[in-house]
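To start, the structure itself, in structure tokens.
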Amino acid sequence: MYNIKCLNPISPLGMELFSDNYQVIDDAACANAILVRSASMHDMELGENLDAIARAGAGVNNIPLEKCAEKGIVVFNTPGANANGVKEAVLAGLLMSARDFIGGVNWVQSVREDPDVAKLVEKGKKKFAGTEIKDKKIGVIGLGAIGVLVANACNRLGMEVYGYDPFISVQAAWNLSRDIRHINNLDDIYAKCDYITVHVPLLPSTEKMLNAQAFEKMKEGVVILNFARDLLVDEDALSGAIASGKVRKYVTDFPNARTANMENVIAIPHLGASTEESEDNCAMMAVRELRDFIENGNITHSVNYPDCSMGVCSCAGRIAVNHRNIPNMIAQLTSVCAADGVNITDMINKSKGDWAYTMLDLAAPVTPKMVEDIRRIDGIVKVRVIK
Ligand SMILES: NC(=O)c1ccc[n+]([C@@H]2O[C@H](COP(=O)([O-])OP(=O)(O)OC[C@H]3O[C@@H](n4cnc5c(N)ncnc54)[C@H](O)[C@@H]3O)[C@@H](O)[C@H]2O)c1
Ligand SMILES: O=C(O)CC[C@@H](O)C(=O)O
């Protein structure tokens, strides 16, 4: 029986994909696998039996990835599973920033008891008027699962779209409309665009990427949309840019004590992925990733270990080994099998940065001695007997 701990509510459509060999438990210390959405795991004790964490979502800045890798805990996410939900939220943010729909709706609420409300509406509406987004220029920073959908949707709405992503994947490039202008220098986006939307992960290299120097280069009255993470924006600089009128509106899905209290901020309570469809998609993908890892040893969509697959486990014995990415590891692993007189029928080894993962399919069941011998090799962090 495998123990699963959920740190956030996870869609039942995902949880139903667990078989009878799995049980949901309360105590994270006893979990074999954890399902999480936005809960922060940085200060959490990671239990001895914990083999995997699946983030039902895209951003993994709430998980201590390196600490997990050192303990042989494989961390998964669900790329693209909530991208459409976020794209639609960005479009809502874009339209709400172009005209004061929020102010207008709130004002109607305040006068709704007045018998002359219809007349008042016609008289008062000009306060909430704005501009159209058609023919305006928008810069999309980060052309991954969400950025591509946002760029294509804005293009279809008649906007002139500029895209920037120095690390764009081949898949994303294929999915991007040919009308999107590919920009190699962020300064061009800052200089040209009426709207700028960020869709990059929060990393040391992207933290505060929208800072005073960036705002300085932007057009007067630019609108910034941030449906990625709050810390991508330097909030001191943002506050100054809003006060000077450089930034006309800041639309954020990640309000905090600072930005929620700023003028001209449209603060949305992290609703980007809060749709039935996104929650179901993320949960189902996360559970499938966990089951394939637990039952077959396969890794799909990991953010701290390499993806690695040998299909469904149908051999006499399969062993999965998390280890440091150092020389001579495969020779040492195969030597253990040879010393125990066990034939290897298939094997795979993949690496990602400092970490590597090897699976061995054997002609005989894995013995406790073999596991102990592998554990003793320098650089091994975890050994799992799959079968
Ligand atoms: N609001 C929400 O509910 C919500 C939901 C999903 C994701 N997100 C956030 O949005 C982010 C993006 O999600 P995604 O699914 O599109 O991820 P993704 O991994 O598919 O795309 C991220 C893209 O950013 C690019 N990138 C990385 N560093 C960059 C840089 N310095 N400049 C330009 N591009 C850079 C990458 O090459 C990649 O193409 C997530 O990391 C997460 O923080 C928010
Ligand atoms: O789980 C959520 O509701 C939000 C997820 C989102 O921030 C993500 O990075 O995928």
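Ordering of the structure tokens sets the chain letters (A, B, ...); residue numbers start at 1 within each chain; ligands are numbered from 1 in the order shown.
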
Near region 183-200 of chain A, within 7 Å and counting only C-alpha atoms, which residues show up once chain neighbours fewer than 5 positions away are dropped, as an NGL selection string? :A and (136-142 or 146-147 or 162-164 or 217-219 or 222-228)

Write a file of the selected residues as a PDB file, in the first residue's frame, keeping N, CA and C atoms.
ATOM      1  N   LYS A 136      -3.461  47.665 -30.757  1.00  0.00           N
ATOM      2  CA  LYS A 136      -2.453  48.035 -29.750  1.00  0.00           C
ATOM      3  C   LYS A 136      -1.346  46.990 -29.775  1.00  0.00           C
ATOM      4  N   LYS A 137      -0.198  47.394 -29.224  1.00  0.00           N
ATOM      5  CA  LYS A 137       0.958  46.491 -29.240  1.00  0.00           C
ATOM      6  C   LYS A 137       1.098  45.803 -27.874  1.00  0.00           C
ATOM      7  N   ILE A 138       1.273  44.502 -27.913  1.00  0.00           N
ATOM      8  CA  ILE A 138       1.494  43.773 -26.655  1.00  0.00           C
ATOM      9  C   ILE A 138       2.791  42.969 -26.756  1.00  0.00           C
ATOM     10  N   GLY A 139       3.577  43.005 -25.686  1.00  0.00           N
ATOM     11  CA  GLY A 139       4.807  42.210 -25.620  1.00  0.00           C
ATOM     12  C   GLY A 139       4.575  41.034 -24.695  1.00  0.00           C
ATOM     13  N   VAL A 140       4.899  39.838 -25.169  1.00  0.00           N
ATOM     14  CA  VAL A 140       4.727  38.628 -24.361  1.00  0.00           C
ATOM     15  C   VAL A 140       6.122  38.129 -23.991  1.00  0.00           C
ATOM     16  N   ILE A 141       6.442  38.168 -22.694  1.00  0.00           N
ATOM     17  CA  ILE A 141       7.773  37.737 -22.243  1.00  0.00           C
ATOM     18  C   ILE A 141       7.647  36.315 -21.706  1.00  0.00           C
ATOM     19  N   GLY A 142       8.293  35.368 -22.374  1.00  0.00           N
ATOM     20  CA  GLY A 142       8.162  33.953 -22.018  1.00  0.00           C
ATOM     21  C   GLY A 142       7.154  33.305 -22.940  1.00  0.00           C
ATOM     22  N   ILE A 146       1.889  28.872 -21.618  1.00  0.00           N
ATOM     23  CA  ILE A 146       0.912  29.967 -21.472  1.00  0.00           C
ATOM     24  C   ILE A 146       1.208  31.098 -22.456  1.00  0.00           C
ATOM     25  N   GLY A 147       2.478  31.503 -22.521  1.00  0.00           N
ATOM     26  CA  GLY A 147       2.843  32.644 -23.367  1.00  0.00           C
ATOM     27  C   GLY A 147       2.408  32.451 -24.816  1.00  0.00           C
ATOM     28  N   TYR A 162       4.356  41.051 -29.951  1.00  0.00           N
ATOM     29  CA  TYR A 162       5.810  40.880 -29.943  1.00  0.00           C
ATOM     30  C   TYR A 162       6.152  39.816 -28.898  1.00  0.00           C
ATOM     31  N   GLY A 163       6.926  38.817 -29.286  1.00  0.00           N
ATOM     32  CA  GLY A 163       7.241  37.727 -28.340  1.00  0.00           C
ATOM     33  C   GLY A 163       8.724  37.657 -28.051  1.00  0.00           C
ATOM     34  N   TYR A 164       9.065  37.395 -26.783  1.00  0.00           N
ATOM     35  CA  TYR A 164      10.482  37.290 -26.389  1.00  0.00           C
ATOM     36  C   TYR A 164      10.679  36.035 -25.548  1.00  0.00           C
ATOM     37  N   LYS A 217      12.598  52.255 -19.559  1.00  0.00           N
ATOM     38  CA  LYS A 217      12.614  52.105 -21.031  1.00  0.00           C
ATOM     39  C   LYS A 217      11.213  51.927 -21.620  1.00  0.00           C
ATOM     40  N   MET A 218      10.199  51.789 -20.741  1.00  0.00           N
ATOM     41  CA  MET A 218       8.852  51.498 -21.277  1.00  0.00           C
ATOM     42  C   MET A 218       8.140  52.764 -21.742  1.00  0.00           C
ATOM     43  N   LYS A 219       7.080  52.540 -22.519  1.00  0.00           N
ATOM     44  CA  LYS A 219       6.264  53.659 -22.991  1.00  0.00           C
ATOM     45  C   LYS A 219       5.477  54.264 -21.840  1.00  0.00           C
ATOM     46  N   VAL A 222       2.100  52.513 -19.965  1.00  0.00           N
ATOM     47  CA  VAL A 222       2.072  51.081 -20.276  1.00  0.00           C
ATOM     48  C   VAL A 222       1.230  50.317 -19.229  1.00  0.00           C
ATOM     49  N   VAL A 223       0.652  49.204 -19.654  1.00  0.00           N
ATOM     50  CA  VAL A 223      -0.062  48.309 -18.726  1.00  0.00           C
ATOM     51  C   VAL A 223       0.786  47.047 -18.570  1.00  0.00           C
ATOM     52  N   ILE A 224       1.016  46.645 -17.308  1.00  0.00           N
ATOM     53  CA  ILE A 224       1.778  45.416 -17.046  1.00  0.00           C
ATOM     54  C   ILE A 224       0.809  44.346 -16.547  1.00  0.00           C
ATOM     55  N   LEU A 225       0.898  43.161 -17.146  1.00  0.00           N
ATOM     56  CA  LEU A 225       0.081  42.029 -16.679  1.00  0.00           C
ATOM     57  C   LEU A 225       1.015  40.982 -16.114  1.00  0.00           C
ATOM     58  N   ASN A 226       0.770  40.595 -14.874  1.00  0.00           N
ATOM     59  CA  ASN A 226       1.627  39.585 -14.233  1.00  0.00           C
ATOM     60  C   ASN A 226       0.764  38.448 -13.707  1.00  0.00           C
ATOM     61  N   PHE A 227       0.675  37.398 -14.531  1.00  0.00           N
ATOM     62  CA  PHE A 227      -0.044  36.185 -14.105  1.00  0.00           C
ATOM     63  C   PHE A 227       0.956  35.067 -13.869  1.00  0.00           C
ATOM     64  N   ALA A 228       2.227  35.447 -13.564  1.00  0.00           N
ATOM     65  CA  ALA A 228       3.269  34.418 -13.380  1.00  0.00           C
ATOM     66  C   ALA A 228       3.667  34.310 -11.904  1.00  0.00           C
TER      67      ALA A 228
END

Which residues of chain A sit at most 9 Å from ligand 2, using only C-alpha atoms and all ligand atoms? Give each one's shortest atom pair and distance in Å (one decimal place), in chain and ascending residue order, as CSV.
residue,atom,partner,partner_atom_place_in_ligand_line,distance
A:Asn8,CA,ligand 2,1 (O),8.4
A:Ile10,CA,ligand 2,1 (O),8.8
A:Val36,CA,ligand 2,1 (O),8.0
A:Arg37,CA,ligand 2,1 (O),4.3
A:Ser38,CA,ligand 2,1 (O),5.4
A:Ala39,CA,ligand 2,1 (O),8.8
A:Arg55,CA,ligand 2,10 (O),7.9
A:Ala56,CA,ligand 2,1 (O),6.3
A:Gly57,CA,ligand 2,10 (O),3.3
A:Ala58,CA,ligand 2,10 (O),3.6
A:Gly59,CA,ligand 2,9 (O),3.4
A:Val60,CA,ligand 2,9 (O),6.8
A:Asn61,CA,ligand 2,9 (O),8.4
A:Asn77,CA,ligand 2,10 (O),8.3
A:Thr78,CA,ligand 2,10 (O),7.8
A:Pro79,CA,ligand 2,10 (O),8.2
A:Gly80,CA,ligand 2,10 (O),8.6
A:Ala81,CA,ligand 2,10 (O),8.2
A:Asn82,CA,ligand 2,10 (O),6.5
A:Ala83,CA,ligand 2,10 (O),8.2
A:Val86,CA,ligand 2,6 (C),8.5
A:Pro201,CA,ligand 2,9 (O),8.4
A:Phe227,CA,ligand 2,7 (O),8.3
A:Ala228,CA,ligand 2,7 (O),7.1
A:Arg229,CA,ligand 2,7 (O),7.7
A:Asp253,CA,ligand 2,7 (O),8.9
A:Phe254,CA,ligand 2,7 (O),8.9
A:His270,CA,ligand 2,4 (C),6.8
A:Leu271,CA,ligand 2,3 (O),6.7
A:Gly272,CA,ligand 2,4 (C),6.7
A:Ala273,CA,ligand 2,3 (O),5.0
A:Ser274,CA,ligand 2,3 (O),5.3
A:Thr275,CA,ligand 2,3 (O),8.6
A:Ser278,CA,ligand 2,3 (O),8.6
A:Glu279,CA,ligand 2,1 (O),7.3
A:Cys282,CA,ligand 2,10 (O),8.3

Which polymer residues have any atom within 9 Å of an atom of Leu65 (chain A), counting only C-alpha atoms, with same-chain residues fewer than 6 positions away left out, as a list of chain:residue names?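 Selected residues are A:Ile73, A:Val74, A:Val75, A:Val303, A:Asn304.
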
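If you look at CA of Arg156 (chain A) and CA of Val105 (chain A), they are 27.1 Å away from each other.
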
Å distance separating CA of Val312 (chain A) from CA of Leu50 (chain A), one decimal place: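 So the two atoms, CA of Val312 (chain A) and CA of Leu50 (chain A), lie 22.0 Å apart.
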
Residues of region 190-226 of chain A in helix (DSSP H, G or I) according to DSSP, as a ChimeraX atom specification? /A:190-192,212-217

Neighbours of Asp346 (chain A) within 8 Å (only C-alpha atoms; same-chain residues fewer than 5 positions away dropped), as a list in words? Leu360, Asp361 and Leu362 of chain A

For the selection just defined, write its residues with N, CA and C atoms to a file, as a compact mmCIF listing (two decimals), in the first residue's frame.
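Ended up saving to result25.txt:
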# COMPACT_ATOMS: atom_id res chain seq x y z
N LEU A 360 17.47 -0.69 -14.19
CA LEU A 360 18.00 -1.96 -14.69
C LEU A 360 16.87 -2.98 -14.68
N ASP A 361 16.63 -3.61 -15.82
CA ASP A 361 15.69 -4.74 -15.86
C ASP A 361 16.51 -6.02 -15.78
N LEU A 362 16.08 -6.93 -14.88
CA LEU A 362 16.89 -8.11 -14.57
C LEU A 362 16.15 -9.40 -14.92

Residues of region 7-223 of chain A in strand (DSSP E or B), written as a count of residues only: 33

Could you pull the residues within 7 Å of region 294-301 of chain A, counting only C-alpha atoms, minus those fewer than 6 positions along the same chain, as an NGL selection string? :A and (76-78 or 307-310 or 312-313 or 320 or 386)

Interatomic distance (Å, one decimal) between CA of Ala151 (chain A) and CA of Thr131 (chain A):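 These two atoms are separated by 19.6 Å.
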
I want to know what sits within 10 Å of Leu149 (chain A), based on only C-alpha atoms, with residues of the same chain fewer than 2 positions away left out; could you give that as number ranges by chain? A: 83-84, 86-88, 143-147, 151-155, 172, 175-177

Write out the residues from the selection above, keeping N, CA and C atoms, as a PDB file, in the first residue's frame.
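Just written: part_4.pdb:
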ATOM      1  N   ALA A  83      -2.688  25.807 -18.836  1.00  0.00           N
ATOM      2  CA  ALA A  83      -2.316  26.958 -19.668  1.00  0.00           C
ATOM      3  C   ALA A  83      -3.535  27.680 -20.247  1.00  0.00           C
ATOM      4  N   ASN A  84      -4.554  26.921 -20.664  1.00  0.00           N
ATOM      5  CA  ASN A  84      -5.719  27.598 -21.245  1.00  0.00           C
ATOM      6  C   ASN A  84      -6.457  28.420 -20.194  1.00  0.00           C
ATOM      7  N   VAL A  86      -5.149  29.916 -17.653  1.00  0.00           N
ATOM      8  CA  VAL A  86      -4.399  31.155 -17.403  1.00  0.00           C
ATOM      9  C   VAL A  86      -4.550  32.106 -18.595  1.00  0.00           C
ATOM     10  N   LYS A  87      -4.497  31.559 -19.805  1.00  0.00           N
ATOM     11  CA  LYS A  87      -4.669  32.423 -20.992  1.00  0.00           C
ATOM     12  C   LYS A  87      -5.984  33.200 -20.890  1.00  0.00           C
ATOM     13  N   GLU A  88      -7.065  32.509 -20.526  1.00  0.00           N
ATOM     14  CA  GLU A  88      -8.364  33.200 -20.457  1.00  0.00           C
ATOM     15  C   GLU A  88      -8.356  34.264 -19.352  1.00  0.00           C
ATOM     16  N   LEU A 143       7.639  32.485 -23.878  1.00  0.00           N
ATOM     17  CA  LEU A 143       6.738  31.850 -24.852  1.00  0.00           C
ATOM     18  C   LEU A 143       6.693  30.350 -24.597  1.00  0.00           C
ATOM     19  N   GLY A 144       6.264  29.990 -23.387  1.00  0.00           N
ATOM     20  CA  GLY A 144       6.064  28.579 -23.060  1.00  0.00           C
ATOM     21  C   GLY A 144       4.602  28.243 -23.270  1.00  0.00           C
ATOM     22  N   ALA A 145       4.107  27.283 -22.462  1.00  0.00           N
ATOM     23  CA  ALA A 145       2.729  26.810 -22.648  1.00  0.00           C
ATOM     24  C   ALA A 145       1.728  27.971 -22.593  1.00  0.00           C
ATOM     25  N   ILE A 146       1.889  28.872 -21.618  1.00  0.00           N
ATOM     26  CA  ILE A 146       0.912  29.967 -21.472  1.00  0.00           C
ATOM     27  C   ILE A 146       1.208  31.098 -22.456  1.00  0.00           C
ATOM     28  N   GLY A 147       2.478  31.503 -22.521  1.00  0.00           N
ATOM     29  CA  GLY A 147       2.843  32.644 -23.367  1.00  0.00           C
ATOM     30  C   GLY A 147       2.408  32.451 -24.816  1.00  0.00           C
ATOM     31  N   ALA A 151      -0.121  34.881 -26.709  1.00  0.00           N
ATOM     32  CA  ALA A 151       0.328  35.593 -27.916  1.00  0.00           C
ATOM     33  C   ALA A 151      -0.624  35.326 -29.081  1.00  0.00           C
ATOM     34  N   ASN A 152      -0.983  34.061 -29.289  1.00  0.00           N
ATOM     35  CA  ASN A 152      -1.868  33.726 -30.416  1.00  0.00           C
ATOM     36  C   ASN A 152      -3.264  34.334 -30.233  1.00  0.00           C
ATOM     37  N   ALA A 153      -3.757  34.308 -28.979  1.00  0.00           N
ATOM     38  CA  ALA A 153      -5.102  34.853 -28.735  1.00  0.00           C
ATOM     39  C   ALA A 153      -5.105  36.370 -28.962  1.00  0.00           C
ATOM     40  N   CYS A 154      -4.073  37.048 -28.509  1.00  0.00           N
ATOM     41  CA  CYS A 154      -4.004  38.507 -28.689  1.00  0.00           C
ATOM     42  C   CYS A 154      -3.910  38.841 -30.180  1.00  0.00           C
ATOM     43  N   ASN A 155      -3.180  38.014 -30.897  1.00  0.00           N
ATOM     44  CA  ASN A 155      -3.068  38.206 -32.350  1.00  0.00           C
ATOM     45  C   ASN A 155      -4.455  38.097 -32.991  1.00  0.00           C
ATOM     46  N   ALA A 172       7.046  24.891 -28.759  1.00  0.00           N
ATOM     47  CA  ALA A 172       6.387  26.192 -28.605  1.00  0.00           C
ATOM     48  C   ALA A 172       6.525  27.005 -29.889  1.00  0.00           C
ATOM     49  N   ASN A 175       4.034  26.014 -32.320  1.00  0.00           N
ATOM     50  CA  ASN A 175       2.655  26.400 -31.977  1.00  0.00           C
ATOM     51  C   ASN A 175       2.391  27.894 -32.112  1.00  0.00           C
ATOM     52  N   LEU A 176       3.443  28.681 -32.262  1.00  0.00           N
ATOM     53  CA  LEU A 176       3.290  30.138 -32.291  1.00  0.00           C
ATOM     54  C   LEU A 176       2.841  30.589 -33.681  1.00  0.00           C
ATOM     55  N   SER A 177       1.830  31.468 -33.708  1.00  0.00           N
ATOM     56  CA  SER A 177       1.359  31.986 -34.996  1.00  0.00           C
ATOM     57  C   SER A 177       2.500  32.704 -35.725  1.00  0.00           C
TER      58      SER A 177
END

Can you list, as a list of chain:residue names, every protein, DNA or RNA residue that comes within 12 Å of Asn106 (chain A) when you count only C-alpha atoms, leaving out same-chain residues fewer than 6 positions away? A:Asp100, A:Arg112, A:Val121, A:Lys125, A:Phe128

Would you put the residues from that selection into a file with C-alpha atoms, as an mmCIF file, in the first residue's frame?
data_model
loop_
_atom_site.group_PDB
_atom_site.id
_atom_site.type_symbol
_atom_site.label_atom_id
_atom_site.label_comp_id
_atom_site.auth_asym_id
_atom_site.auth_seq_id
_atom_site.Cartn_x
_atom_site.Cartn_y
_atom_site.Cartn_z
ATOM 1 C CA ASP A 100 -12.792 50.520 -16.152
ATOM 2 C CA ARG A 112 -28.977 50.402 -8.126
ATOM 3 C CA VAL A 121 -26.072 55.134 -16.113
ATOM 4 C CA LYS A 125 -20.798 56.101 -17.856
ATOM 5 C CA PHE A 128 -15.446 54.454 -16.975
#

Determine the nearest neighbour of Cys337 (chain A) from the options A:Ser11, A:Gln213, A:Thr367, A:Ser351, counting only C-alpha atoms.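 Under the stated criterion, the closest residue is A:Thr367.
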
Kindly indicate which residue among A:Leu290, A:Ala260, A:Cys30, A:Val150 lies nearest to ligand 1, using only C-alpha atoms and all ligand atoms for the distances.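 Between A:Leu290, A:Ala260, A:Cys30, A:Val150, the residue approaching ligand 1 most closely is A:Val150.
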
Given only C-alpha atoms and all ligand atoms as the basis, pick out the residue of A:Thr358, A:Ser19, A:Asn343, A:Gln171 nearest to ligand 1.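 Answer, going by the shortest atom-to-atom distance: A:Gln171.
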
Between A:Asn32, A:Ser314, A:Ser239, A:Ser302, which has the minimum distance to ligand 1 (counting only C-alpha atoms and all ligand atoms)? A:Ser302

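Distances to ligand 1 were evaluated for A:Pro269, A:Pro12, A:Gly317, A:Pro365 using only C-alpha atoms and all ligand atoms, and the minimum falls at A:Pro269.
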